[in-house]
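Shown next: final_18.cif, containing mmCIF, C-alpha atoms.
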data_my_file
#
loop_
_atom_site.label_atom_id
_atom_site.label_comp_id
_atom_site.auth_asym_id
_atom_site.auth_seq_id
_atom_site.Cartn_x
_atom_site.Cartn_y
_atom_site.Cartn_z
CA MET O 1 -5.50 7.43 -36.80
CA HIS O 2 -4.95 8.05 -33.09
CA GLU O 3 -5.65 11.76 -33.53
CA GLU O 4 -8.92 11.00 -35.30
CA LEU O 5 -10.00 8.67 -32.49
CA LEU O 6 -8.90 11.18 -29.87
CA GLU O 7 -10.86 14.01 -31.47
CA LEU O 8 -14.00 11.87 -31.54
CA ALA O 9 -13.56 10.67 -27.95
CA ARG O 10 -13.01 14.20 -26.65
CA LYS O 11 -16.03 15.56 -28.52
CA VAL O 12 -18.40 12.78 -27.49
CA GLY O 13 -17.07 12.75 -23.92
CA ALA O 14 -17.67 16.49 -23.55
CA GLU O 15 -21.18 16.21 -25.00
CA ALA O 16 -22.06 13.28 -22.72
CA ALA O 17 -20.71 15.18 -19.71
CA ALA O 18 -22.88 18.17 -20.64
CA LEU O 19 -25.89 15.88 -20.93
CA LEU O 20 -25.21 14.54 -17.44
CA MET O 21 -24.84 18.02 -15.95
CA ASP O 22 -28.59 18.39 -16.51
CA ARG O 23 -29.22 16.36 -13.38
CA PRO O 24 -32.83 15.15 -13.03
CA PRO O 25 -34.97 16.15 -10.02
CA ALA O 26 -35.72 12.49 -9.33
CA PHE O 27 -33.87 9.26 -10.08
CA GLU O 28 -35.00 5.88 -11.31
CA ILE O 29 -32.68 3.51 -9.46
CA GLU O 30 -31.91 -0.12 -10.15
CA GLU O 31 -29.62 -2.41 -8.18
CA LYS O 32 -26.75 -4.07 -10.07
CA THR O 33 -24.30 -6.48 -8.43
CA THR O 34 -25.42 -5.67 -4.86
CA ALA O 35 -27.99 -3.50 -3.08
CA ILE O 36 -25.52 -0.61 -2.87
CA ASP O 37 -24.28 -0.87 -6.47
CA ILE O 38 -26.79 1.28 -8.34
CA VAL O 39 -27.53 2.45 -11.86
CA THR O 40 -29.77 5.36 -12.80
CA GLN O 41 -31.65 6.34 -15.92
CA MET O 42 -28.86 8.84 -16.60
CA ASP O 43 -26.16 6.14 -16.78
CA LYS O 44 -28.23 4.43 -19.45
CA LYS O 45 -29.09 7.64 -21.29
CA ALA O 46 -25.43 8.66 -21.44
CA GLU O 47 -24.29 5.25 -22.69
CA THR O 48 -26.91 5.25 -25.45
CA PHE O 49 -25.81 8.72 -26.50
CA ILE O 50 -22.11 7.79 -26.55
CA VAL O 51 -22.62 4.55 -28.49
CA GLN O 52 -24.88 6.15 -31.09
CA SER O 53 -22.57 9.16 -31.51
CA ILE O 54 -19.46 7.02 -32.07
CA LEU O 55 -21.16 4.52 -34.37
CA ALA O 56 -22.53 7.38 -36.47
CA LYS O 57 -18.91 8.24 -37.32
CA ARG O 58 -17.34 4.75 -37.12
CA PRO O 59 -20.00 2.11 -37.82
CA ASP O 60 -17.55 -0.81 -38.00
CA ASP O 61 -16.08 -0.32 -34.52
CA GLY O 62 -16.92 -2.50 -31.53
CA MET O 63 -18.42 -1.43 -28.21
CA ILE O 64 -18.06 -2.52 -24.59
CA GLY O 65 -20.17 -0.47 -22.17
CA GLU O 66 -20.85 -0.74 -18.46
CA GLU O 67 -24.60 -0.58 -19.03
CA GLY O 68 -24.71 -3.39 -21.55
CA ALA O 69 -23.37 -2.18 -24.90
CA ALA O 70 -21.72 -5.18 -26.61
CA ILE O 71 -20.88 -4.97 -30.31
CA GLU O 72 -18.18 -6.96 -32.08
CA SER O 73 -15.63 -4.93 -34.01
CA THR O 74 -14.94 -5.48 -37.69
CA SER O 75 -12.49 -2.56 -37.89
CA GLY O 76 -9.99 -3.69 -35.27
CA ILE O 77 -11.04 -0.88 -32.89
CA THR O 78 -13.29 -1.41 -29.87
CA TRP O 79 -14.53 1.38 -27.64
CA VAL O 80 -14.64 0.77 -23.87
CA ILE O 81 -17.14 3.10 -22.22
CA ASP O 82 -18.08 4.03 -18.68
CA PRO O 83 -20.88 6.53 -19.30
CA LEU O 84 -21.00 7.62 -15.66
CA ASP O 85 -18.08 6.64 -13.45
CA GLY O 86 -18.94 7.61 -9.89
CA THR O 87 -22.70 7.04 -10.04
CA VAL O 88 -23.03 7.29 -6.24
CA ASN O 89 -21.34 10.72 -6.29
CA TYR O 90 -23.69 11.76 -9.09
CA PHE O 91 -26.74 10.47 -7.22
CA TYR O 92 -25.82 12.40 -4.05
CA GLY O 93 -24.77 15.55 -5.90
CA LEU O 94 -21.07 15.23 -5.10
CA PRO O 95 -18.33 16.26 -7.58
CA GLY O 96 -15.84 14.04 -9.37
CA TRP O 97 -18.09 11.77 -11.39
CA ASN O 98 -16.96 11.49 -14.98
CA VAL O 99 -17.39 10.08 -18.46
CA SER O 100 -14.64 7.63 -19.41
CA ILE O 101 -14.07 6.67 -23.06
CA ALA O 102 -11.24 4.53 -24.43
CA ALA O 103 -10.53 3.06 -27.85
CA LYS O 104 -8.46 -0.11 -27.96
CA ASP O 105 -6.89 -2.44 -30.51
CA ARG O 106 -5.54 -5.95 -29.90
CA ASP O 107 -2.61 -4.52 -27.92
CA GLY O 108 -4.68 -2.40 -25.52
CA SER O 109 -5.88 1.19 -25.29
CA VAL O 110 -4.74 3.58 -28.02
CA VAL O 111 -6.82 6.56 -26.87
CA GLY O 112 -8.24 7.49 -23.48
CA VAL O 113 -10.39 10.45 -22.44
CA VAL O 114 -11.81 11.16 -18.98
CA SER O 115 -14.21 14.12 -18.70
CA ALA O 116 -15.18 15.37 -15.23
CA PRO O 117 -17.27 18.52 -15.68
CA THR O 118 -18.01 19.24 -12.01
CA ILE O 119 -14.28 19.81 -11.39
CA ASN O 120 -13.62 21.43 -14.80
CA SER O 121 -11.22 18.63 -15.69
CA THR O 122 -10.50 16.62 -18.81
CA TRP O 123 -7.59 14.21 -19.16
CA TRP O 124 -6.56 12.50 -22.36
CA ALA O 125 -3.79 10.42 -23.84
CA THR O 126 -2.79 8.58 -26.99
CA ARG O 127 -0.46 5.62 -27.12
CA GLY O 128 3.05 7.02 -27.48
CA GLY O 129 1.74 10.60 -27.52
CA GLY O 130 1.91 11.58 -23.87
CA ALA O 131 -0.80 12.50 -21.36
CA PHE O 132 -2.57 15.83 -20.92
CA PHE O 133 -4.78 17.65 -18.42
CA ASN O 134 -6.87 20.51 -19.85
CA GLY O 135 -4.32 20.88 -22.62
CA SER O 136 -1.15 20.82 -20.49
CA LYS O 137 1.23 17.87 -20.53
CA ILE O 138 1.39 15.98 -17.24
CA LYS O 139 3.69 13.53 -15.50
CA VAL O 140 3.60 11.32 -12.43
CA ASN O 141 5.38 12.18 -9.17
CA GLU O 142 8.69 10.30 -9.12
CA PRO O 143 10.40 9.34 -6.93
CA VAL O 144 8.14 9.21 -3.87
CA GLU O 145 9.17 7.72 -0.53
CA PHE O 146 6.65 5.32 1.00
CA ASP O 147 6.40 7.33 4.24
CA ARG O 148 5.53 10.47 2.25
CA ALA O 149 3.04 8.84 -0.13
CA PHE O 150 -0.41 10.41 -0.66
CA ILE O 151 -2.61 7.53 -1.80
CA GLY O 152 -6.12 7.17 -3.20
CA THR O 153 -8.36 4.14 -2.84
CA GLY O 154 -11.95 2.94 -3.14
CA PHE O 155 -14.09 0.12 -1.80
CA GLN O 156 -15.77 -2.91 -3.35
CA TYR O 157 -19.54 -2.99 -3.68
CA ASP O 158 -19.46 -6.52 -2.25
CA VAL O 159 -19.42 -5.56 1.43
CA SER O 160 -18.06 -8.94 2.53
CA HIS O 161 -14.93 -8.21 0.50
CA ARG O 162 -14.40 -4.81 2.12
CA ILE O 163 -12.88 -6.47 5.20
CA ARG O 164 -9.65 -7.14 3.31
CA GLN O 165 -9.63 -3.62 1.95
CA ILE O 166 -10.11 -2.11 5.41
CA GLU O 167 -7.26 -4.27 6.71
CA ASN O 168 -4.97 -2.97 3.98
CA VAL O 169 -5.93 0.64 4.72
CA GLY O 170 -5.48 0.05 8.44
CA ARG O 171 -1.96 -1.31 7.94
CA MET O 172 -1.04 1.44 5.50
CA LEU O 173 -2.42 4.58 7.14
CA PRO O 174 0.11 4.83 10.02
CA LEU O 175 2.99 4.52 7.54
CA ILE O 176 2.17 7.05 4.79
CA ARG O 177 1.25 10.73 4.42
CA ASP O 178 -2.50 10.16 4.07
CA ILE O 179 -5.30 8.42 2.16
CA ARG O 180 -8.15 9.83 0.08
CA ARG O 181 -11.34 8.14 -1.12
CA ASN O 182 -12.89 10.31 -3.83
CA GLY O 183 -15.47 7.93 -5.28
CA ALA O 184 -14.59 7.85 -8.98
CA ALA O 185 -11.86 5.46 -10.11
CA ALA O 186 -11.00 7.07 -13.45
CA VAL O 187 -10.42 10.48 -11.86
CA ASP O 188 -8.27 8.89 -9.15
CA ILE O 189 -6.07 7.12 -11.69
CA CYS O 190 -5.76 10.35 -13.69
CA SER O 191 -4.86 12.14 -10.46
CA VAL O 192 -1.88 9.82 -10.16
CA ALA O 193 -0.94 10.74 -13.73
CA MET O 194 -0.80 14.46 -12.92
CA GLY O 195 0.75 14.17 -9.46
CA SER O 196 -2.36 15.05 -7.43
CA LEU O 197 -2.04 11.59 -5.89
CA ASP O 198 1.13 9.52 -5.60
CA ALA O 199 -0.66 6.19 -6.02
CA TYR O 200 -4.05 4.55 -6.24
CA PHE O 201 -5.30 1.04 -5.51
CA GLU O 202 -8.72 -0.56 -5.48
CA ASP O 203 -10.35 -3.97 -5.68
CA GLY O 204 -13.23 -4.92 -7.94
CA LEU O 205 -12.83 -2.51 -10.86
CA LYS O 206 -13.93 -3.50 -14.35
CA GLU O 207 -12.27 -2.73 -17.68
CA TRP O 208 -14.48 0.30 -18.35
CA ASP O 209 -13.34 1.83 -15.04
CA TRP O 210 -9.66 1.86 -15.99
CA ALA O 211 -9.38 1.51 -19.80
CA ALA O 212 -9.06 5.25 -20.49
CA ALA O 213 -7.40 6.37 -17.25
CA SER O 214 -4.73 3.67 -17.30
CA LEU O 215 -3.45 4.97 -20.64
CA VAL O 216 -3.36 8.51 -19.22
CA ALA O 217 -1.36 7.20 -16.25
CA THR O 218 1.15 5.14 -18.21
CA GLU O 219 1.68 7.89 -20.78
CA ALA O 220 2.45 10.19 -17.83
CA GLY O 221 5.15 7.79 -16.62
CA ALA O 222 3.21 5.71 -14.10
CA ARG O 223 3.12 1.96 -13.84
CA PHE O 224 -0.28 0.29 -13.93
CA GLY O 225 -1.05 -3.27 -12.87
CA LEU O 226 -3.96 -5.71 -12.57
CA TYR O 227 -3.78 -8.63 -10.15
CA GLY O 228 -6.00 -11.59 -9.38
CA ALA O 229 -9.29 -12.50 -10.97
CA ALA O 230 -12.71 -10.87 -11.31
CA PRO O 231 -14.74 -9.89 -9.41
CA TYR O 232 -11.99 -9.08 -6.88
CA MET O 233 -9.17 -8.04 -9.21
CA THR O 234 -6.86 -5.44 -7.66
CA THR O 235 -5.87 -2.35 -9.64
CA LEU O 236 -2.68 -0.44 -8.79
CA ALA O 237 -1.26 2.75 -10.31
CA ALA O 238 1.81 4.65 -9.09
CA GLY O 239 5.15 6.08 -10.09
CA PRO O 240 7.78 3.39 -10.76
CA SER O 241 9.61 3.55 -7.42
CA LEU O 242 6.50 3.60 -5.23
CA PHE O 243 4.74 1.01 -7.39
CA GLY O 244 7.11 -1.79 -6.40
CA GLU O 245 6.84 -0.95 -2.70
CA LEU O 246 3.03 -0.95 -2.83
CA GLU O 247 2.99 -4.16 -4.82
CA ALA O 248 4.95 -5.84 -2.02
CA PHE O 249 3.00 -4.14 0.80
CA LEU O 250 -0.33 -5.30 -0.63
CA ASN O 251 1.02 -8.84 -1.27
CA LEU O 252 -0.11 -8.65 -4.86
CA HIS O 253 2.19 -11.44 -5.99
CA ALA O 254 1.48 -13.67 -2.99
#

Go ahead and express the file in the form of structure tokens.
Amino acid sequence: MHEELLELARKVGAEAAALLMDRPPAFEIEEKTTAIDIVTQMDKKAETFIVQSILAKRPDDGMIGEEGAAIESTSGITWVIDPLDGTVNYFYGLPGWNVSIAAKDRDGSVVGVVSAPTINSTWWATRGGGAFFNGSKIKVNEPVEFDRAFIGTGFQYDVSHRIRQIENVGRMLPLIRDIRRNGAAAVDICSVAMGSLDAYFEDGLKEWDWAAASLVATEAGARFGLYGAAPYMTTLAAGPSLFGELEAFLNLHA
């Protein structure tokens, strides 16, 4: 069953990514949670395409989508969709935005696919089946010493909450190798999975941001954790040795 779900997720993810590559000359922009959290007509177009494509093959499955898709499952499988992760990158013409598609059962994600066409990258994983990047098996960097860690992060759309995030970055930056902020959470988490980053943390992500990528990361040997409550929940992904150090550094159990 996992292979069937994976094949469908990879196909639909690639087709949605191709749809998004046809970037419009002008954008219709709406504000979401704050004035700087935006959605475009392309986010909505991609979500509609993904939902309709999956339901055409699996009409009894459920749907959870960033742009409003909400269908109860009668099959035991629910799809968790971010049709355009990294909308701000997409809007400005920067690379790294992606299509993130996961299928989950009552125990969590069973399939995850992240398609990022501007960087010619697709990651996927199945529960118990390992993690892959463009067809090659991947694994997390392990072990990594804290003072050599190369870490990704991102910032909350609620600007008042960014103060805590800036404080964490300010404390961390003198102690580690460096920090990157790429602008698309799913790609960052997948980068941990393949060793292009040693760790990643961010506040304020939603399930559709991490549902696919977290499976890729854990199947590649990373640890993945969620802390606190929405809308300020902290997400952390890293290899096992570094994970514990970052958990303590960020006071995630405080």

Selection in question (the file shown): the PyMOL selection byres ((chain O and resi 82) around 7). Which residues does it include, as a ChimeraX atom specification? /O:65-66,81,83-85,99-101,208-209

Which residues, protein or nucleic acid, reach to within 9 Å of (-27.7, 9.0, -14.9) in the file's coordinates when using only C-alpha atoms, and can you give that as a list in words?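 Taken together, the residues in range are Leu20, Arg23, Pro24, Phe27, Glu28, Val39, Thr40, Gln41, Met42, Asp43, Lys44, Lys45, Ala46, Pro83, Leu84, Thr87, Tyr90 and Phe91 of chain O.
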
Quick check, in Å to one decimal: how far apart do CA of Leu6 in chain O and CA of Arg127 in chain O lie? 10.5 Å

Since I can't run it myself right now, could you work out what the PyMOL selection byres ((chain O and resi 153-162) around 9) selects here and report it as number ranges by chain? O: 33-37, 151-152, 163-167, 169, 179-185, 188, 199-205, 232

Excluding range 131-140 of chain O and any residue of its chain fewer than 4 positions from it, enumerate the residues within 7 Å of it, using all atoms listed in the file, and give them as a PyMOL selection string. chain O and resi 121-125+192-195+216+219-222+239

Separation of CA of Val51 in chain O from CA of Leu226 in chain O, in Å and rounded to one decimal: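 Between these atoms lies a distance of 26.6 Å.
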
Name all residues at most 8 Å from Ile71 in chain O (count all atoms listed in the file; drop same-chain ones fewer than 2 positions away) and give them as number ranges by chain. O: 61-64, 69, 73

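Using the PyMOL selection byres ((chain O and resi 102-108) around 7) on the file at hand returns these residues: Gly76, Ile77, Thr78, Trp79, Val80, Ile81, Ser100, Ile101, Ser109, Val110, Val111, Gly112, Val113, Ala211 and Ala212 of chain O.
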
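Our summary of the geometry notes that CA of Arg223 in chain O is positioned 22.3 Å from CA of Asn98 in chain O.
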
Please write a file for range 164-177 of chain O, taken from the block I just shared, that holds all heavy atoms and is laid out as a JSON list (two decimals), in the first residue's frame.
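File produced: decode-v7.json:
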[["chain", "number", "residue", "atom", "x", "y", "z"],
["O", 164, "ARG", "N", 11.90, 36.48, 20.32],
["O", 164, "ARG", "CA", 12.46, 35.28, 20.94],
["O", 164, "ARG", "C", 13.34, 34.53, 19.96],
["O", 164, "ARG", "O", 14.40, 34.01, 20.31],
["O", 164, "ARG", "CB", 11.35, 34.37, 21.46],
["O", 164, "ARG", "CG", 11.89, 33.21, 22.30],
["O", 164, "ARG", "CD", 10.80, 32.23, 22.69],
["O", 164, "ARG", "NE", 10.54, 31.27, 21.62],
["O", 164, "ARG", "CZ", 9.81, 30.17, 21.77],
["O", 164, "ARG", "NH1", 9.23, 29.93, 22.93],
["O", 164, "ARG", "NH2", 9.62, 29.34, 20.77],
["O", 165, "GLN", "N", 12.91, 34.46, 18.72],
["O", 165, "GLN", "CA", 13.69, 33.76, 17.71],
["O", 165, "GLN", "C", 15.03, 34.44, 17.46],
["O", 165, "GLN", "O", 16.06, 33.78, 17.32],
["O", 165, "GLN", "CB", 12.88, 33.66, 16.42],
["O", 165, "GLN", "CG", 11.64, 32.78, 16.56],
["O", 165, "GLN", "CD", 10.77, 32.84, 15.33],
["O", 165, "GLN", "OE1", 10.06, 33.82, 15.10],
["O", 165, "GLN", "NE2", 10.82, 31.81, 14.51],
["O", 166, "ILE", "N", 15.02, 35.76, 17.40],
["O", 166, "ILE", "CA", 16.27, 36.51, 17.21],
["O", 166, "ILE", "C", 17.20, 36.31, 18.40],
["O", 166, "ILE", "O", 18.42, 36.17, 18.24],
["O", 166, "ILE", "CB", 15.98, 38.01, 17.00],
["O", 166, "ILE", "CG1", 15.24, 38.24, 15.68],
["O", 166, "ILE", "CG2", 17.26, 38.82, 17.05],
["O", 166, "ILE", "CD1", 16.04, 37.91, 14.45],
["O", 167, "GLU", "N", 16.64, 36.25, 19.60],
["O", 167, "GLU", "CA", 17.46, 36.01, 20.79],
["O", 167, "GLU", "C", 18.13, 34.64, 20.71],
["O", 167, "GLU", "O", 19.31, 34.50, 21.04],
["O", 167, "GLU", "CB", 16.61, 36.12, 22.05],
["O", 167, "GLU", "CG", 16.19, 37.54, 22.38],
["O", 167, "GLU", "CD", 15.18, 37.62, 23.53],
["O", 167, "GLU", "OE1", 14.66, 36.55, 23.92],
["O", 167, "GLU", "OE2", 14.92, 38.73, 24.01],
["O", 168, "ASN", "N", 17.39, 33.63, 20.27],
["O", 168, "ASN", "CA", 17.96, 32.30, 20.14],
["O", 168, "ASN", "C", 19.09, 32.28, 19.10],
["O", 168, "ASN", "O", 20.15, 31.69, 19.32],
["O", 168, "ASN", "CB", 16.89, 31.28, 19.76],
["O", 168, "ASN", "CG", 16.03, 30.86, 20.93],
["O", 168, "ASN", "OD1", 16.48, 30.85, 22.07],
["O", 168, "ASN", "ND2", 14.79, 30.51, 20.66],
["O", 169, "VAL", "N", 18.86, 32.93, 17.95],
["O", 169, "VAL", "CA", 19.88, 32.99, 16.92],
["O", 169, "VAL", "C", 21.10, 33.76, 17.43],
["O", 169, "VAL", "O", 22.25, 33.35, 17.19],
["O", 169, "VAL", "CB", 19.32, 33.63, 15.64],
["O", 169, "VAL", "CG1", 20.43, 33.95, 14.65],
["O", 169, "VAL", "CG2", 18.29, 32.71, 14.99],
["O", 170, "GLY", "N", 20.86, 34.84, 18.14],
["O", 170, "GLY", "CA", 21.96, 35.64, 18.68],
["O", 170, "GLY", "C", 22.82, 34.87, 19.67],
["O", 170, "GLY", "O", 24.06, 35.01, 19.67],
["O", 171, "ARG", "N", 22.19, 34.05, 20.49],
["O", 171, "ARG", "CA", 22.95, 33.23, 21.44],
["O", 171, "ARG", "C", 23.71, 32.12, 20.72],
["O", 171, "ARG", "O", 24.82, 31.75, 21.10],
["O", 171, "ARG", "CB", 22.00, 32.59, 22.47],
["O", 171, "ARG", "CG", 21.41, 33.53, 23.47],
["O", 171, "ARG", "CD", 20.72, 32.78, 24.60],
["O", 171, "ARG", "NE", 19.68, 31.85, 24.14],
["O", 171, "ARG", "CZ", 19.71, 30.54, 24.34],
["O", 171, "ARG", "NH1", 20.73, 29.97, 24.99],
["O", 171, "ARG", "NH2", 18.72, 29.78, 23.90],
["O", 172, "MET", "N", 23.10, 31.58, 19.68],
["O", 172, "MET", "CA", 23.64, 30.41, 19.00],
["O", 172, "MET", "C", 24.78, 30.74, 18.05],
["O", 172, "MET", "O", 25.78, 30.01, 17.96],
["O", 172, "MET", "CB", 22.52, 29.72, 18.23],
["O", 172, "MET", "CG", 22.91, 28.43, 17.56],
["O", 172, "MET", "SD", 21.51, 27.71, 16.65],
["O", 172, "MET", "CE", 20.43, 27.23, 18.00],
["O", 173, "LEU", "N", 24.66, 31.84, 17.32],
["O", 173, "LEU", "CA", 25.57, 32.12, 16.20],
["O", 173, "LEU", "C", 27.05, 32.16, 16.60],
["O", 173, "LEU", "O", 27.89, 31.66, 15.83],
["O", 173, "LEU", "CB", 25.15, 33.43, 15.52],
["O", 173, "LEU", "CG", 25.78, 33.72, 14.15],
["O", 173, "LEU", "CD1", 25.60, 32.56, 13.20],
["O", 173, "LEU", "CD2", 25.16, 34.99, 13.57],
["O", 174, "PRO", "N", 27.43, 32.71, 17.75],
["O", 174, "PRO", "CA", 28.86, 32.70, 18.11],
["O", 174, "PRO", "C", 29.40, 31.31, 18.45],
["O", 174, "PRO", "O", 30.62, 31.16, 18.58],
["O", 174, "PRO", "CB", 28.92, 33.62, 19.34],
["O", 174, "PRO", "CG", 27.66, 34.40, 19.34],
["O", 174, "PRO", "CD", 26.64, 33.50, 18.73],
["O", 175, "LEU", "N", 28.52, 30.34, 18.62],
["O", 175, "LEU", "CA", 28.93, 29.04, 19.14],
["O", 175, "LEU", "C", 28.98, 27.93, 18.09],
["O", 175, "LEU", "O", 29.50, 26.85, 18.36],
["O", 175, "LEU", "CB", 27.97, 28.61, 20.26],
["O", 175, "LEU", "CG", 27.79, 29.59, 21.42],
["O", 175, "LEU", "CD1", 26.74, 29.06, 22.38],
["O", 175, "LEU", "CD2", 29.11, 29.84, 22.12],
["O", 176, "ILE", "N", 28.44, 28.17, 16.90],
["O", 176, "ILE", "CA", 28.30, 27.12, 15.89],
["O", 176, "ILE", "C", 29.04, 27.51, 14.61],
["O", 176, "ILE", "O", 29.62, 28.59, 14.51],
["O", 176, "ILE", "CB", 26.82, 26.84, 15.59],
["O", 176, "ILE", "CG1", 26.15, 28.08, 14.97],
["O", 176, "ILE", "CG2", 26.08, 26.40, 16.86],
["O", 176, "ILE", "CD1", 24.75, 27.84, 14.45],
["O", 177, "ARG", "N", 28.99, 26.61, 13.62],
["O", 177, "ARG", "CA", 29.65, 26.92, 12.33],
["O", 177, "ARG", "C", 28.98, 28.08, 11.62],
["O", 177, "ARG", "O", 29.60, 29.04, 11.22],
["O", 177, "ARG", "CB", 29.63, 25.68, 11.43],
["O", 177, "ARG", "CG", 30.46, 25.87, 10.16],
["O", 177, "ARG", "CD", 30.38, 24.68, 9.23],
["O", 177, "ARG", "NE", 30.88, 23.44, 9.81],
["O", 177, "ARG", "CZ", 32.16, 23.09, 9.85],
["O", 177, "ARG", "NH1", 33.08, 23.92, 9.38],
["O", 177, "ARG", "NH2", 32.51, 21.94, 10.37]]
